[in-house]
Amino acid sequence: MVYLYMLVLLWACPTSTTAGRLREFYLEHSNTTMNITEAREKCLRYTDLVTVYDQPDNDKLAEILLKRNATCALIGAFKGSQWSDGAVATFKKFAWEQIGSYCATVKSDAYWECIRCDQGKNFTCYDRGNETNTYRLILQNKTWFEAQKYCRENHNDLVTITNEQENQQVQLAGQNSKTPFWIGLQCNHSRRLWFDEGQSNYSNYVSEEMDNMFTYMCVNGSWKQSNTCNSSSALCYKSFIHVSGAKLTWEQALDYCNASGLLRIESENDQIETERELQRQKISGPLWIGLRQSRLFGFWIWANGLHVGPWTNWKGGRQPEHQISHHCGAMEKVDGTFKWTDKDCRSKFRVLCEKS
């Protein structure tokens with residue numbers, strides 16, 4: 001009788017074979033050329049300019065260009081620098097920039113100077129506010145890396161400067177320093193970056209990369225660079241994964257995600273997309289996903305009623321044992337990789353939802 005009841009439940013909760021549900025690509029076109037700001041504005045209607053993670057991504061994007069008769073389009077890759085907190089360095093104010101292992105300071109005239117990172121200097125940290133950041137001058141002589149560690153432990157990070165107004169505010173905050181003081185940028189520390197802060201090492205350039213260049217994909221899938229950004233097309237993407245800011249119980253998470261639903265991971269492709277989004281947002285978990293266990297029979301289902309499997313990603317390679325497991329499912333990093341695990345449903349974690 002119990003066996004028959006379990007079969008009925010499984011028939012009511014069929015498996016799903018859906019793959020590639022959590023990210024989509026779009027081509028945005030304009031009747032006139034767009035600069036980088038205009039291109040990103042179009043893509044931010046979705047999530048951002050596209051980050052290309054592998055050859056299948058590249059092939060899909062080239063196919064979109066071919067179908068839309070577009071010869072090339074801007075993508076999210078560029079060669080540049082990042083601030084200590086991960087923000088892209090789109091604004092700089094060096095009188096001149098040295099080549100080598102140097103770090104940035106602000107001088108009394110508000111221009112930046114590159115000096116050796118192992119020198120002891122005062123430094124500025126920042127505290128993030130709802131509308132504006134607060135800048136803190138720390139009158140302690142530390143190396144750049146010691147200053148970075150101090151700011152991360154006691155504030156948000158070493159200061160990030162994104163425009164001239166902020167540069168003036170930082171200079172004002174540091175006026176009591178008698179010498180140039182550290183900010184959160186390493187000089188000439190450029191590498192390939194992505195505007196959405198995606199963590200991808202894939203590239204398909206036809207020639208050697210150069211600094212401070214924007215990237216275009218051509219219809220054959222190859223990438224080229226230009227020192228100016230004027231294009232009439234941009235390749236964008238939309239992530240269907242939402243991460244809550246607040247920590248909630250599993251039941252509260254169910255209400256929070258509402259109609260869109262707690263995230264379900266039905267395939268390896270879903271798992272990969274989820275990991276990319278968590279890495280992009282620098283989140284390690286644990287986070288609630290839509291897994292729930294039958295207290296009576298011990299099998300796991302997704303919150304929308306779908307049966308779990310055949311693909312799974314449980315910690316230790318198998319689902320938690322019935323009777324001794326917790327009854328709600330979460331995702332967290334285990335030895336550097338994201339795995340599914342059981343958690344007490346009353347625990348409070350951030351939440352992964354599916355966006356429509």
# chains A, B, ... in the order shown; residues from 1 in each chain; ligands from 1
$ select_by_dssp --residues "segment 88-138 of chain A" --states "strand (DSSP E)" --output "list of chain:residue names"
A:Tyr102, A:Cys103, A:Ala104, A:Thr105, A:Val106, A:Trp112, A:Glu113, A:Cys114, A:Ile115, A:Arg116, A:Lys121, A:Asn122, A:Phe123, A:Thr124, A:Cys125, A:Tyr126, A:Asp127, A:Thr134, A:Tyr135, A:Arg136, A:Leu137, A:Ile138
$ write_last_selection --atoms "C-alpha atoms" --output "CSV table (one decimal), in the first residue's frame"
chain,number,residue,atom,x,y,z
A,102,TYR,CA,53.2,49.7,-8.0
A,103,CYS,CA,50.1,50.9,-6.2
A,104,ALA,CA,48.1,54.1,-6.4
A,105,THR,CA,48.1,57.0,-4.0
A,106,VAL,CA,46.3,60.4,-4.0
A,112,TRP,CA,47.3,60.0,-8.4
A,113,GLU,CA,50.8,58.7,-8.2
A,114,CYS,CA,52.2,55.2,-8.5
A,115,ILE,CA,54.7,54.1,-5.8
A,116,ARG,CA,56.0,50.7,-4.6
A,121,LYS,CA,51.6,55.1,3.9
A,122,ASN,CA,48.4,56.4,5.4
A,123,PHE,CA,45.3,55.1,3.5
A,124,THR,CA,41.6,55.7,2.9
A,125,CYS,CA,38.8,53.1,3.5
A,126,TYR,CA,35.2,53.5,2.6
A,127,ASP,CA,31.9,52.6,4.3
A,134,THR,CA,31.7,57.6,3.6
A,135,TYR,CA,35.5,58.0,3.2
A,136,ARG,CA,37.8,57.4,6.2
A,137,LEU,CA,41.4,58.5,6.4
A,138,ILE,CA,43.4,56.1,8.5
$ residues_around --residues "Ile265 of chain A" --least-positions-apart "3" --cutoff "9 Å" --atoms "only C-alpha atoms" --output "MDAnalysis selection string"
chainID A and resid 268:271 274 289:290 302 308 311:312
$ residues_around --residues "Gly336 of chain A" --least-positions-apart "4" --cutoff "12 Å" --atoms "only C-alpha atoms" --output "list in words"
Glu275, Gln279, Ser284, Gly285 and Glu332 of chain A
$ atom_distance --atom1 "atom CA of Ser30 of chain A" --atom2 "atom CA of Ser203 of chain A"
25.8 Å
$ closest_residue --among "A:Gln199, A:Ser190, A:Lys315, A:Ser347" --to "Lys247 of chain A" --atoms "only C-alpha atoms"
A:Ser347
$ select_by_dssp --residues "segment 136-206 of chain A" --states "helix (DSSP H, G or I)" --output "list of chain:residue names"
A:Trp144, A:Phe145, A:Glu146, A:Ala147, A:Gln148, A:Lys149, A:Tyr150, A:Cys151, A:Arg152, A:Glu153, A:Asn154, A:Glu164, A:Gln165, A:Glu166, A:Asn167, A:Gln168, A:Gln169, A:Val170, A:Gln171, A:Leu172, A:Ala173
$ decode --residues "segment 31-46 of chain A" --atoms "all heavy atoms" --output "CSV table (one decimal), in the first residue's frame"
chain,number,residue,atom,x,y,z
A,31,ASN,N,19.6,52.5,-34.5
A,31,ASN,CA,19.7,53.1,-35.8
A,31,ASN,C,20.9,54.0,-36.0
A,31,ASN,O,21.3,54.3,-37.1
A,31,ASN,CB,18.4,53.9,-36.2
A,31,ASN,CG,17.2,53.0,-36.3
A,31,ASN,OD1,17.3,51.8,-36.8
A,31,ASN,ND2,16.1,53.5,-35.9
A,32,THR,N,21.5,54.3,-34.8
A,32,THR,CA,22.7,55.1,-34.8
A,32,THR,C,23.8,54.4,-34.0
A,32,THR,O,23.5,53.4,-33.3
A,32,THR,CB,22.5,56.5,-34.2
A,32,THR,OG1,22.0,56.4,-32.9
A,32,THR,CG2,21.5,57.3,-35.0
A,33,THR,N,25.0,54.8,-34.1
A,33,THR,CA,26.1,54.2,-33.3
A,33,THR,C,25.9,54.5,-31.8
A,33,THR,O,25.4,55.6,-31.5
A,33,THR,CB,27.5,54.7,-33.8
A,33,THR,OG1,27.6,56.1,-33.6
A,33,THR,CG2,27.8,54.2,-35.2
A,34,MET,N,26.3,53.5,-31.0
A,34,MET,CA,26.2,53.7,-29.5
A,34,MET,C,27.6,53.7,-28.9
A,34,MET,O,28.5,53.0,-29.4
A,34,MET,CB,25.4,52.5,-28.9
A,34,MET,CG,24.0,52.3,-29.4
A,34,MET,SD,23.3,50.9,-28.6
A,34,MET,CE,24.1,49.5,-29.5
A,35,ASN,N,27.8,54.6,-27.9
A,35,ASN,CA,29.0,54.5,-27.1
A,35,ASN,C,28.8,53.4,-26.1
A,35,ASN,O,27.8,52.8,-25.9
A,35,ASN,CB,29.4,55.8,-26.5
A,35,ASN,CG,28.4,56.4,-25.6
A,35,ASN,OD1,27.7,55.7,-24.9
A,35,ASN,ND2,28.3,57.7,-25.6
A,36,ILE,N,29.8,53.2,-25.2
A,36,ILE,CA,29.8,52.1,-24.3
A,36,ILE,C,28.7,52.3,-23.2
A,36,ILE,O,28.0,51.4,-22.8
A,36,ILE,CB,31.1,51.9,-23.6
A,36,ILE,CG1,31.1,50.6,-22.7
A,36,ILE,CG2,31.5,53.1,-22.8
A,36,ILE,CD1,30.9,49.3,-23.4
A,37,THR,N,28.5,53.5,-22.8
A,37,THR,CA,27.4,53.8,-21.9
A,37,THR,C,26.0,53.5,-22.4
A,37,THR,O,25.2,52.9,-21.8
A,37,THR,CB,27.5,55.3,-21.4
A,37,THR,OG1,28.8,55.6,-20.9
A,37,THR,CG2,26.4,55.6,-20.4
A,38,GLU,N,25.8,53.9,-23.7
A,38,GLU,CA,24.5,53.7,-24.3
A,38,GLU,C,24.3,52.2,-24.5
A,38,GLU,O,23.2,51.7,-24.3
A,38,GLU,CB,24.4,54.5,-25.6
A,38,GLU,CG,24.4,56.0,-25.4
A,38,GLU,CD,24.7,56.7,-26.7
A,38,GLU,OE1,25.3,56.2,-27.6
A,38,GLU,OE2,24.3,57.9,-26.8
A,39,ALA,N,25.3,51.5,-24.9
A,39,ALA,CA,25.2,50.0,-25.1
A,39,ALA,C,24.9,49.3,-23.8
A,39,ALA,O,24.0,48.5,-23.8
A,39,ALA,CB,26.5,49.5,-25.7
A,40,ARG,N,25.5,49.7,-22.7
A,40,ARG,CA,25.2,49.1,-21.4
A,40,ARG,C,23.8,49.4,-21.0
A,40,ARG,O,23.1,48.6,-20.3
A,40,ARG,CB,26.2,49.5,-20.4
A,40,ARG,CG,27.6,48.9,-20.6
A,40,ARG,CD,28.4,48.9,-19.3
A,40,ARG,NE,27.9,47.9,-18.3
A,40,ARG,CZ,28.2,47.9,-17.0
A,40,ARG,NH1,29.0,48.9,-16.6
A,40,ARG,NH2,27.8,47.0,-16.2
A,41,GLU,N,23.4,50.7,-21.2
A,41,GLU,CA,22.0,51.0,-20.8
A,41,GLU,C,21.0,50.1,-21.5
A,41,GLU,O,20.0,49.7,-20.9
A,41,GLU,CB,21.7,52.5,-21.2
A,41,GLU,CG,22.4,53.5,-20.2
A,41,GLU,CD,22.2,54.9,-20.6
A,41,GLU,OE1,21.6,55.2,-21.7
A,41,GLU,OE2,22.6,55.8,-19.9
A,42,LYS,N,21.2,49.8,-22.8
A,42,LYS,CA,20.3,48.9,-23.5
A,42,LYS,C,20.3,47.5,-22.8
A,42,LYS,O,19.3,46.9,-22.6
A,42,LYS,CB,20.7,48.8,-25.0
A,42,LYS,CG,20.2,50.0,-25.8
A,42,LYS,CD,20.4,49.8,-27.2
A,42,LYS,CE,19.8,50.9,-28.1
A,42,LYS,NZ,18.3,50.9,-28.0
A,43,CYS,N,21.6,47.0,-22.5
A,43,CYS,CA,21.7,45.7,-22.0
A,43,CYS,C,21.2,45.6,-20.5
A,43,CYS,O,20.8,44.5,-20.1
A,43,CYS,CB,23.2,45.2,-22.1
A,43,CYS,SG,23.7,44.8,-23.8
A,44,LEU,N,21.3,46.7,-19.8
A,44,LEU,CA,20.9,46.6,-18.4
A,44,LEU,C,19.3,46.5,-18.3
A,44,LEU,O,18.8,46.3,-17.2
A,44,LEU,CB,21.4,47.9,-17.6
A,44,LEU,CG,22.9,47.9,-17.3
A,44,LEU,CD1,23.3,49.3,-16.8
A,44,LEU,CD2,23.3,46.8,-16.4
A,45,ARG,N,18.6,46.6,-19.4
A,45,ARG,CA,17.2,46.3,-19.4
A,45,ARG,C,17.0,44.8,-19.1
A,45,ARG,O,16.0,44.3,-18.6
A,45,ARG,CB,16.6,46.6,-20.7
A,45,ARG,CG,16.6,48.1,-21.1
A,45,ARG,CD,16.1,48.3,-22.5
A,45,ARG,NE,16.4,49.6,-23.0
A,45,ARG,CZ,16.2,50.0,-24.2
A,45,ARG,NH1,15.7,49.2,-25.1
A,45,ARG,NH2,16.5,51.3,-24.6
A,46,TYR,N,18.1,44.0,-19.4
A,46,TYR,CA,18.1,42.6,-19.2
A,46,TYR,C,18.9,42.4,-17.9
A,46,TYR,O,18.5,42.5,-16.8
A,46,TYR,CB,18.7,41.8,-20.4
A,46,TYR,CG,18.0,42.1,-21.7
A,46,TYR,CD1,18.6,43.0,-22.6
A,46,TYR,CD2,16.7,41.6,-22.0
A,46,TYR,CE1,17.9,43.3,-23.8
A,46,TYR,CE2,16.1,41.9,-23.2
A,46,TYR,CZ,16.7,42.7,-24.1
A,46,TYR,OH,16.1,43.0,-25.3
